[in-house]
>>> print(open('my_file-v3.cif').read())   # mmCIF, C-alpha atoms
data_final
#
loop_
_atom_site.label_atom_id
_atom_site.label_comp_id
_atom_site.auth_asym_id
_atom_site.auth_seq_id
_atom_site.Cartn_x
_atom_site.Cartn_y
_atom_site.Cartn_z
CA MET A 3 72.16 56.91 51.22
CA GLU A 4 72.42 53.15 51.57
CA VAL A 5 75.41 50.99 50.79
CA PHE A 6 75.44 47.20 50.56
CA LEU A 7 78.15 45.51 52.64
CA PRO A 8 79.31 42.50 50.57
CA ILE A 9 80.68 40.47 53.51
CA ALA A 10 78.08 41.23 56.23
CA GLU A 11 75.36 41.01 53.53
CA VAL A 12 73.33 43.90 54.92
CA SER A 13 72.58 47.41 53.68
CA VAL A 14 73.56 50.27 55.97
CA ASN A 15 73.16 54.02 55.84
CA ILE A 16 76.56 55.61 55.09
CA LEU A 17 75.63 58.86 56.86
CA ALA A 18 74.44 57.04 60.00
CA ILE A 19 77.67 55.01 60.24
CA PHE A 20 79.81 58.10 59.61
CA ILE A 21 77.93 60.28 62.16
CA LEU A 22 77.90 57.56 64.86
CA SER A 23 81.58 56.70 64.43
CA GLY A 24 82.29 60.46 64.48
CA ILE A 25 80.36 60.89 67.77
CA VAL A 26 82.17 57.90 69.31
CA GLY A 27 85.46 59.40 68.03
CA VAL A 28 84.64 62.72 69.75
CA LEU A 29 84.00 60.85 73.02
CA SER A 30 87.29 58.94 72.54
CA GLY A 31 89.23 62.15 72.04
CA LEU A 32 87.49 63.84 74.97
CA PHE A 33 87.79 61.08 77.56
CA GLY A 34 90.78 59.08 76.27
CA VAL A 35 88.77 55.88 75.87
CA GLY A 36 88.90 53.63 72.80
CA GLY A 37 85.20 53.80 72.11
CA GLY A 38 84.87 50.19 70.92
CA PHE A 39 82.44 49.40 73.74
CA LEU A 40 80.07 52.05 72.31
CA MET A 41 80.60 51.57 68.56
CA THR A 42 79.99 47.80 68.48
CA PRO A 43 76.51 48.13 70.13
CA PHE A 44 75.73 51.02 67.73
CA LEU A 45 76.62 48.80 64.75
CA ILE A 46 74.36 46.06 66.15
CA PHE A 47 71.49 48.60 66.48
CA LEU A 48 72.07 49.63 62.84
CA GLY A 49 71.44 46.06 61.75
CA VAL A 50 74.98 44.68 61.41
CA PRO A 51 75.01 41.12 62.85
CA PRO A 52 76.99 40.97 66.18
CA THR A 53 79.62 38.58 64.74
CA TYR A 54 80.45 41.10 62.00
CA ALA A 55 80.15 44.13 64.29
CA VAL A 56 82.80 42.67 66.67
CA ALA A 57 85.28 41.79 63.89
CA ASN A 58 84.99 45.08 61.98
CA GLU A 59 85.20 47.24 65.10
CA ALA A 60 88.43 45.38 66.01
CA ASN A 61 89.83 46.34 62.58
CA ASN A 62 88.72 49.96 63.14
CA ILE A 63 90.49 49.99 66.54
CA LEU A 64 93.64 48.68 64.84
CA ALA A 65 93.64 51.67 62.45
CA THR A 66 92.92 54.27 65.16
CA SER A 67 95.50 52.85 67.59
CA VAL A 68 98.18 52.82 64.83
CA SER A 69 97.31 56.47 64.16
CA GLY A 70 97.50 57.40 67.86
CA SER A 71 100.65 55.45 68.70
CA THR A 72 102.60 57.02 65.80
CA THR A 73 102.36 60.31 67.71
CA HIS A 74 103.56 58.68 70.97
CA TYR A 75 106.39 56.91 69.12
CA LEU A 76 107.68 60.27 67.92
CA LYS A 77 107.37 61.72 71.45
CA ASP A 78 109.15 58.66 72.96
CA THR A 79 106.40 58.16 75.55
CA LEU A 80 106.33 54.36 75.28
CA ASP A 81 107.60 51.59 77.61
CA TYR A 82 108.32 48.86 75.03
CA LYS A 83 109.44 46.24 77.58
CA MET A 84 106.29 46.60 79.68
CA GLY A 85 104.19 46.77 76.49
CA LEU A 86 105.73 43.52 75.16
CA MET A 87 105.02 41.71 78.47
CA ILE A 88 101.35 42.77 78.25
CA VAL A 89 101.32 41.72 74.56
CA ILE A 90 102.55 38.18 75.50
CA GLY A 91 99.58 37.81 77.88
CA GLY A 92 97.33 39.53 75.35
CA ALA A 93 98.25 37.06 72.58
CA ILE A 94 97.44 34.05 74.82
CA GLY A 95 94.19 35.71 76.00
CA THR A 96 93.16 36.51 72.41
CA ILE A 97 93.66 32.91 71.26
CA ILE A 98 91.64 31.58 74.26
CA GLY A 99 89.01 34.26 73.46
CA ILE A 100 88.76 33.17 69.81
CA PHE A 101 88.32 29.51 70.91
CA THR A 102 85.53 30.60 73.29
CA PHE A 103 83.99 32.67 70.46
CA THR A 104 84.12 29.62 68.15
CA TYR A 105 82.49 27.42 70.84
CA PHE A 106 79.54 29.78 71.32
CA LYS A 107 79.26 30.33 67.54
CA ASP A 108 79.10 26.57 66.97
CA ILE A 109 76.30 26.08 69.52
CA GLY A 110 74.45 29.09 68.02
CA LYS A 111 74.60 31.26 71.15
CA ILE A 112 77.23 33.82 70.11
CA ASP A 113 74.78 36.70 69.49
CA ILE A 114 73.23 36.49 72.96
CA VAL A 115 76.68 36.05 74.59
CA ILE A 116 77.97 39.23 72.88
CA SER A 117 74.82 41.19 73.84
CA LEU A 118 75.00 40.02 77.48
CA ALA A 119 78.73 40.73 77.71
CA TYR A 120 78.14 44.28 76.46
CA MET A 121 75.16 44.84 78.72
CA TYR A 122 77.10 43.86 81.86
CA ILE A 123 80.36 45.58 80.91
CA LEU A 124 78.50 48.84 80.14
CA ALA A 125 76.52 48.52 83.39
CA ILE A 126 79.70 47.97 85.45
CA ILE A 127 81.71 50.79 83.81
CA GLY A 128 78.69 53.14 83.81
CA THR A 129 78.02 52.54 87.51
CA ALA A 130 81.71 52.91 88.46
CA MET A 131 82.10 56.11 86.40
CA LEU A 132 78.85 57.60 87.75
CA VAL A 133 79.89 56.97 91.37
CA GLU A 134 83.43 58.29 90.73
CA GLY A 135 82.20 61.33 88.77
CA LEU A 136 79.69 62.30 91.46
CA GLY A 137 82.33 61.78 94.15
CA GLU A 138 84.73 64.12 92.32
CA ILE A 139 82.04 66.79 91.91
CA ASP A 140 81.18 66.45 95.61
CA LYS A 141 84.86 66.83 96.58
CA VAL A 142 85.28 69.93 94.41
CA ARG A 143 82.13 71.47 95.94
CA LYS A 144 83.17 70.74 99.52
CA LYS A 145 86.83 71.59 98.71
CA ILE A 146 88.11 68.27 100.04
CA PHE A 147 91.63 67.29 98.95
CA THR A 148 92.78 63.74 99.65
CA LYS A 149 96.38 62.64 99.34
CA LYS A 150 96.54 59.42 97.35
CA LYS A 151 98.95 56.61 98.21
CA LEU A 152 101.85 56.29 95.76
CA HIS A 153 101.58 52.53 95.34
CA VAL A 154 99.17 49.97 96.82
CA HIS A 155 100.42 46.38 97.09
CA TYR A 156 98.18 43.51 96.00
CA TRP A 157 98.83 39.74 95.91
CA ILE A 158 99.76 40.09 92.23
CA HIS A 159 102.95 41.99 93.24
CA GLY A 160 104.20 39.00 95.22
CA LEU A 161 104.50 36.76 92.13
CA PRO A 162 107.92 35.41 91.07
CA LEU A 163 110.09 36.28 88.01
CA ARG A 164 110.68 39.87 89.03
CA MET A 165 112.39 42.11 86.48
CA ARG A 166 113.42 45.71 86.05
CA PHE A 167 111.44 48.03 83.78
CA LYS A 168 113.91 50.90 83.34
CA LYS A 169 111.63 53.31 81.52
CA SER A 170 108.81 53.00 84.07
CA LYS A 171 111.37 52.84 86.94
CA LEU A 172 109.72 49.69 88.29
CA TYR A 173 110.95 46.34 89.64
CA GLU A 174 108.04 43.96 89.27
CA SER A 175 107.04 40.38 88.50
CA ALA A 176 106.67 39.73 84.75
CA PHE A 177 103.45 37.88 85.59
CA THR A 178 101.68 41.13 86.58
CA PRO A 179 101.57 42.60 83.03
CA ILE A 180 101.13 39.11 81.50
CA ILE A 181 97.98 38.38 83.60
CA ILE A 182 96.55 41.83 82.81
CA GLY A 183 97.26 41.28 79.09
CA LEU A 184 95.58 37.87 79.24
CA ILE A 185 92.33 39.35 80.60
CA VAL A 186 92.40 42.23 78.06
CA GLY A 187 93.10 39.86 75.13
CA PHE A 188 90.27 37.51 76.12
CA ILE A 189 87.71 40.33 76.36
CA ALA A 190 88.99 41.96 73.13
CA ALA A 191 88.52 38.72 71.15
CA ILE A 192 84.95 38.20 72.30
CA MET A 193 83.76 41.80 72.29
CA GLY A 194 85.79 43.49 69.53
CA ILE A 195 87.16 46.23 71.78
CA GLY A 196 90.66 47.51 72.42
CA GLY A 197 90.36 46.98 76.16
CA ALA A 198 91.83 50.39 77.16
CA PHE A 199 89.12 50.82 79.78
CA ILE A 200 90.60 47.83 81.65
CA LEU A 201 94.24 48.33 80.63
CA VAL A 202 94.58 52.00 81.64
CA PRO A 203 93.24 51.65 85.24
CA ALA A 204 95.29 48.43 85.61
CA MET A 205 98.46 50.24 84.46
CA ILE A 206 97.83 53.07 86.94
CA TYR A 207 96.60 51.21 90.03
CA ILE A 208 98.06 47.68 89.72
CA ILE A 209 101.32 48.07 87.75
CA GLY A 210 101.93 51.62 89.03
CA MET A 211 103.33 53.06 85.79
CA PRO A 212 104.08 56.79 85.39
CA THR A 213 101.05 58.57 83.90
CA ARG A 214 102.99 60.07 80.94
CA LEU A 215 103.85 56.55 79.61
CA ILE A 216 100.32 55.14 79.93
CA PRO A 217 98.47 56.36 76.77
CA GLY A 218 101.37 55.41 74.44
CA THR A 219 101.96 51.97 76.02
CA SER A 220 98.22 51.26 76.08
CA LEU A 221 97.95 52.10 72.35
CA PHE A 222 101.07 50.00 71.61
CA VAL A 223 99.41 46.97 73.29
CA THR A 224 96.07 47.66 71.55
CA ILE A 225 97.80 47.47 68.13
CA PHE A 226 98.97 43.88 68.74
CA VAL A 227 95.77 42.68 70.43
CA SER A 228 93.47 44.13 67.73
CA LEU A 229 95.87 42.87 65.02
CA ILE A 230 95.55 39.27 66.27
CA VAL A 231 91.76 39.63 66.73
CA THR A 232 91.35 41.09 63.20
CA PHE A 233 93.49 38.43 61.57
CA LEU A 234 91.81 35.51 63.37
CA HIS A 235 88.32 36.83 62.60
CA ALA A 236 89.24 37.41 58.92
CA PHE A 237 90.93 34.01 58.57
CA ASN A 238 88.43 31.89 60.57
CA TYR A 239 85.13 33.51 59.65
CA GLY A 240 85.87 35.90 56.74
CA SER A 241 83.89 38.52 58.66
CA ILE A 242 85.95 41.65 57.91
CA ASP A 243 84.11 44.00 55.54
CA LEU A 244 86.58 46.52 54.13
CA ILE A 245 83.83 48.95 53.05
CA LEU A 246 82.46 49.07 56.62
CA VAL A 247 86.00 49.40 58.03
CA PHE A 248 86.73 52.36 55.73
CA LEU A 249 83.53 54.16 56.85
CA LEU A 250 84.27 53.48 60.54
CA VAL A 251 87.91 54.59 60.36
CA THR A 252 87.14 57.82 58.49
CA GLY A 253 84.38 58.79 60.94
CA SER A 254 86.33 57.96 64.10
CA ILE A 255 89.60 59.65 63.03
CA VAL A 256 87.75 62.90 62.24
CA GLY A 257 85.81 62.59 65.53
CA VAL A 258 88.94 61.97 67.63
CA GLN A 259 90.55 65.20 66.35
CA ILE A 260 87.40 67.20 67.24
CA GLY A 261 87.20 65.49 70.66
CA GLN A 262 90.84 66.30 71.47
CA LYS A 263 90.29 69.95 70.52
CA ILE A 264 87.16 70.18 72.73
CA GLY A 265 89.07 68.44 75.54
CA GLU A 266 91.72 71.20 75.53
CA SER A 267 89.15 73.83 76.47
CA VAL A 268 86.60 71.88 78.58
CA ASP A 269 87.05 70.25 81.99
CA SER A 270 86.04 66.64 81.41
CA THR A 271 85.34 65.87 85.13
CA ASN A 272 81.74 67.08 84.90
CA LEU A 273 81.28 65.46 81.48
CA LYS A 274 82.37 62.09 82.92
CA THR A 275 78.99 61.84 84.68
CA LEU A 276 77.25 62.42 81.35
CA LEU A 277 79.34 59.71 79.66
CA ALA A 278 78.45 57.34 82.53
CA ILE A 279 74.74 58.03 81.97
CA LEU A 280 75.21 57.46 78.20
CA LEU A 281 76.87 54.08 78.89
CA LEU A 282 74.01 53.06 81.20
CA VAL A 283 71.44 54.11 78.58
CA VAL A 284 73.21 52.05 75.87
CA GLY A 285 73.36 49.14 78.37
CA ILE A 286 69.59 49.31 78.98
CA ALA A 287 68.97 49.60 75.21
CA ILE A 288 70.93 46.36 74.69
CA ALA A 289 68.95 44.76 77.54
CA TYR A 290 65.69 45.83 75.85
CA ASP A 291 66.93 44.57 72.48
CA SER A 292 68.01 41.22 73.97
CA PHE A 293 65.10 40.51 76.33
CA PHE A 294 61.98 42.40 75.34
CA ALA A 295 62.06 43.47 71.67
CA GLU A 296 60.26 41.19 69.28
CA LYS A 297 62.85 39.37 67.27
CA LEU A 298 62.54 40.12 63.60
CA VAL A 299 63.23 37.17 61.41
CA ASN A 300 66.30 38.16 59.49
CA GLU A 301 65.78 37.20 55.93
CA VAL A 302 69.00 36.00 54.41
CA VAL A 303 69.84 38.41 51.65
CA LYS A 304 70.89 36.41 48.67
CA ILE A 305 72.46 38.64 46.11
CA ASP A 306 73.93 37.25 42.97
CA LYS A 307 77.65 37.94 42.71
CA ASN A 308 77.12 39.43 39.25
CA ASP A 309 74.81 42.09 40.74
CA LEU A 310 77.58 43.45 42.96
CA ASN A 311 79.68 46.42 41.88
CA PRO A 312 83.33 45.65 40.89
CA LEU A 313 84.76 46.74 44.29
CA SER A 314 82.26 44.64 46.32
CA MET A 315 82.84 41.67 44.00
CA PHE A 316 86.63 41.98 44.43
CA ILE A 317 86.29 42.11 48.25
CA LYS A 318 83.91 39.12 48.33
CA ASN A 319 86.07 37.02 46.01
CA LEU A 320 89.26 37.84 47.89
CA SER A 321 87.65 36.94 51.23
CA GLU A 322 86.28 33.61 49.95
CA ASP A 323 89.16 32.44 47.77
CA VAL A 324 92.24 33.50 49.75
CA PRO A 325 91.23 34.14 53.42
CA PHE A 326 94.88 34.25 54.58
CA LEU A 327 95.74 36.98 52.07
CA TYR A 328 92.49 38.79 52.89
CA GLY A 329 93.43 38.78 56.62
CA LEU A 330 96.83 40.27 55.78
CA PHE A 331 95.23 42.77 53.41
CA SER A 332 92.75 43.98 56.07
CA ILE A 333 95.65 44.53 58.50
CA ILE A 334 97.73 46.43 55.90
CA PHE A 335 94.62 48.43 54.98
CA ALA A 336 94.07 49.45 58.63
CA PHE A 337 97.78 50.31 59.07
CA SER A 338 97.79 52.46 55.91
CA LEU A 339 94.64 54.34 56.99
CA GLY A 340 96.06 54.87 60.50
CA ILE A 341 99.51 56.08 59.39
CA GLY A 342 97.95 58.17 56.60
CA ALA A 343 95.66 59.86 59.16
CA ALA A 344 98.63 60.57 61.48
CA PHE A 345 100.56 62.25 58.64
CA ILE A 346 97.52 64.29 57.52
CA ARG A 347 97.11 65.42 61.13
CA ARG A 348 100.78 66.45 61.34
CA PHE A 349 100.50 68.31 58.03
CA PHE A 350 97.52 70.34 59.26
CA SER A 351 99.17 70.89 62.64
CA ASN A 352 102.33 72.27 60.97
CA LEU A 353 100.21 74.40 58.65
CA ARG A 354 98.37 75.90 61.62
CA LYS A 355 101.59 76.58 63.51
CA LYS A 356 103.03 78.30 60.44
CA TYR A 357 99.87 80.32 59.97
CA PHE A 358 99.87 81.53 63.59
CA LYS A 359 103.60 82.33 63.42
CA ILE A 360 103.00 84.53 60.37
CA LYS A 361 100.25 86.27 62.25
CA MET B 16 63.78 53.20 116.53
CA PRO B 17 61.72 56.33 115.72
CA ASN B 18 64.96 58.35 116.01
CA ILE B 19 66.65 56.19 113.40
CA ILE B 20 63.70 56.64 111.04
CA ARG B 21 63.65 60.39 111.69
CA ASN B 22 67.41 60.61 111.02
CA LEU B 23 67.06 58.50 107.90
CA ARG B 24 64.31 60.81 106.60
CA SER B 25 66.37 63.93 107.19
CA GLU B 26 69.44 62.29 105.63
CA ILE B 27 67.42 61.33 102.54
CA LYS B 28 66.06 64.88 102.27
CA LYS B 29 69.58 66.30 102.60
CA ASN B 30 71.02 64.02 99.91
CA LYS B 31 68.16 63.91 97.43
CA LEU B 32 70.48 63.58 94.43
CA LYS B 33 72.51 60.74 95.93
CA THR B 34 69.34 58.90 97.05
CA SER B 35 67.73 59.17 93.63
CA ILE B 36 70.93 57.94 91.91
CA PHE B 37 71.20 55.04 94.36
CA LEU B 38 67.55 54.08 93.72
CA GLY B 39 68.01 54.49 89.95
CA LEU B 40 71.09 52.28 89.88
CA SER B 41 69.41 49.66 92.11
CA ALA B 42 66.42 49.57 89.73
CA TYR B 43 68.77 49.37 86.72
CA TRP B 44 70.74 46.44 88.12
CA GLY B 45 67.51 44.79 89.30
CA ILE B 46 66.06 44.92 85.78
CA ILE B 47 69.11 43.48 84.02
CA LEU B 48 69.72 40.74 86.61
CA VAL B 49 66.06 39.64 86.75
CA SER B 50 65.80 39.76 82.93
CA THR B 51 68.93 37.60 82.58
CA LEU B 52 67.56 35.03 85.05
CA VAL B 53 64.11 34.99 83.40
CA THR B 54 65.65 34.59 79.90
CA PHE B 55 67.85 31.69 80.91
CA ASN B 56 65.12 29.88 82.87
#
>>> encode(input="my_file-v3.cif", output="structure tokens")
Amino acid sequence: MEVFLPIAEVSVNILAIFILSGIVGVLSGLFGVGGGFLMTPFLIFLGVPPTYAVANEANNILATSVSGSTTHYLKDTLDYKMGLMIVIGGAIGTIIGIFTFTYFKDIGKIDIVISLAYMYILAIIGTAMLVEGLGEIDKVRKKIFTKKKLHVHYWIHGLPLRMRFKKSKLYESAFTPIIIGLIVGFIAAIMGIGGAFILVPAMIYIIGMPTRLIPGTSLFVTIFVSLIVTFLHAFNYGSIDLILVFLLVTGSIVGVQIGQKIGESVDSTNLKTLLAILLLVVGIAIAYDSFFAEKLVNEVVKIDKNDLNPLSMFIKNLSEDVPFLYGLFSIIFAFSLGIGAAFIRRFFSNLRKKYFKIK
Amino acid sequence: MPNIIRNLRSEIKKNKLKTSIFLGLSAYWGIILVSTLVTFN
């Protein structure tokens, strides 16, 4: 069942997009990762041009992080002050990232830059996770228990402008979260990812935040970073395709719920090794696609506006005529889907609790 | 010297899994690094 994407100007299989975003959602729920670094390459493999894959995945991440952080907001597991410091760095990093993106787009090298960035990031994370996963399995087998240090001091902790973060019970330089945010924002703008795979380890090992505040604060930061990325991509390039975003969000929200349920009953330590292998396989697939596969000449699909259905025509016209409004609309659209999903989840959760109470 | 080689052999036999993963990762990184260099030259 094919659907024509009016902005990306390609036809994609609805079922394939839904299943893949669902699988990535399951992995997100199971391992607590955003999944953007898997979904963007999958979109590229499905024929969506890298420029569009990056922008639309950023919009999808916006919706899913809004959905996730609503839960943490209600639980009060958020350090707003720390989150805002990271957001300041993230905003600067995102703007630098968009300028870099524009530079490579102008010289016609953006597709290869995105592919290479993904290949190396997946190779680095895959290798690190594989080594860590095998180490953990080895320790469990040999029954070795190591006592970890509470806080390791790096040069970054010696920076000036120290301030108190009451919620995290920390007294640290404001530059620490700002620098981390800067790196995350830069990578998010170029690769269309939330950056949780950098942010979460940095919050644990560099900032030293309490574990219970990490998922909520990470999602809080992701909202702002993906919001800026989405808006800049929509405004500068008109590359957000609302039909694609809707398919991605629906698939990933359903997948995340399934992943979280599986995660409650399965120990994810052993599965971490499998995820590492999956990342390495996707990395090698991108390498094959970039270096060895024969490049197919992409014929530019020229479809007359009158041939589009009313919804596609409305999206295309809105994107071309009022890009600012379209950018705002894509953000509101993602927010509505995210909040709507959080409420549906709460409704079903309450229904289940009620049902079990009756029983 | 022969002792080192003998020890190395027994160590490799003992840790077959680790050795194969190390070789696999080395090959993986070799392929992507060489391919990048070849593409850009």
>>> resolve_selection(input="my_file-v3.cif", expression="the PyMOL selection byres ((chain A and resi 234-238) around 12)", output="number ranges by chain")
A: 9, 53-61, 93, 96-101, 103-104, 107, 190-194, 227-233, 239-244, 318, 320-333
>>> resolve_selection(input="my_file-v3.cif", expression="the PyMOL selection byres ((chain B) within 8 of (chain A))", output="ChimeraX atom specification")
/B:40,43-44,47,50-51,54
>>> atom_distance(input="my_file-v3.cif", atom1="CA of Gly91 (chain A)", atom2="CA of Gly218 (chain A)")
18.0 Å
>>> residues_around(input="my_file-v3.cif", residues="Lys83 (chain A)", least_positions_apart="4", cutoff="9 Å", atoms="all atoms listed in the file", output="PyMOL selection string")
chain A and resi 87-88+167-169
>>> write_last_selection(input="my_file-v3.cif", atoms="C-alpha atoms", output="PDB file, keeping the file's coordinate frame")
ATOM      1  CA  MET A  87     105.020  41.710  78.470  1.00  0.00           C
ATOM      2  CA  ILE A  88     101.350  42.770  78.250  1.00  0.00           C
ATOM      3  CA  PHE A 167     111.440  48.030  83.780  1.00  0.00           C
ATOM      4  CA  LYS A 168     113.910  50.900  83.340  1.00  0.00           C
ATOM      5  CA  LYS A 169     111.630  53.310  81.520  1.00  0.00           C
TER       6      LYS A 169
END
>>> residues_around(input="my_file-v3.cif", residues="region 248-264 of chain A", least_positions_apart="5", cutoff="8 Å", atoms="all atoms listed in the file", output="list in words")
Ile16, Ile19, Phe20, Ile21, Leu22, Ser23, Gly24, Ile25, Val26, Gly27, Val28, Leu29, Ser30, Gly31, Leu32, Glu59, Asn62, Ala65, Thr66, Leu339 and Ala343 of chain A
>>> write_last_selection(input="my_file-v3.cif", atoms="C-alpha atoms", output="mmCIF file, in the coordinates of the input")
data_model
loop_
_atom_site.group_PDB
_atom_site.id
_atom_site.type_symbol
_atom_site.label_atom_id
_atom_site.label_comp_id
_atom_site.auth_asym_id
_atom_site.auth_seq_id
_atom_site.Cartn_x
_atom_site.Cartn_y
_atom_site.Cartn_z
ATOM 1 C CA ILE A 16 76.560 55.610 55.090
ATOM 2 C CA ILE A 19 77.670 55.010 60.240
ATOM 3 C CA PHE A 20 79.810 58.100 59.610
ATOM 4 C CA ILE A 21 77.930 60.280 62.160
ATOM 5 C CA LEU A 22 77.900 57.560 64.860
ATOM 6 C CA SER A 23 81.580 56.700 64.430
ATOM 7 C CA GLY A 24 82.290 60.460 64.480
ATOM 8 C CA ILE A 25 80.360 60.890 67.770
ATOM 9 C CA VAL A 26 82.170 57.900 69.310
ATOM 10 C CA GLY A 27 85.460 59.400 68.030
ATOM 11 C CA VAL A 28 84.640 62.720 69.750
ATOM 12 C CA LEU A 29 84.000 60.850 73.020
ATOM 13 C CA SER A 30 87.290 58.940 72.540
ATOM 14 C CA GLY A 31 89.230 62.150 72.040
ATOM 15 C CA LEU A 32 87.490 63.840 74.970
ATOM 16 C CA GLU A 59 85.200 47.240 65.100
ATOM 17 C CA ASN A 62 88.720 49.960 63.140
ATOM 18 C CA ALA A 65 93.640 51.670 62.450
ATOM 19 C CA THR A 66 92.920 54.270 65.160
ATOM 20 C CA LEU A 339 94.640 54.340 56.990
ATOM 21 C CA ALA A 343 95.660 59.860 59.160
#
>>> residues_near_point(input="my_file-v3.cif", point="(101.8, 56.4, 78.6)", cutoff="7 Å", atoms="all atoms listed in the file", output="ChimeraX atom specification")
/A:79-80,213-220
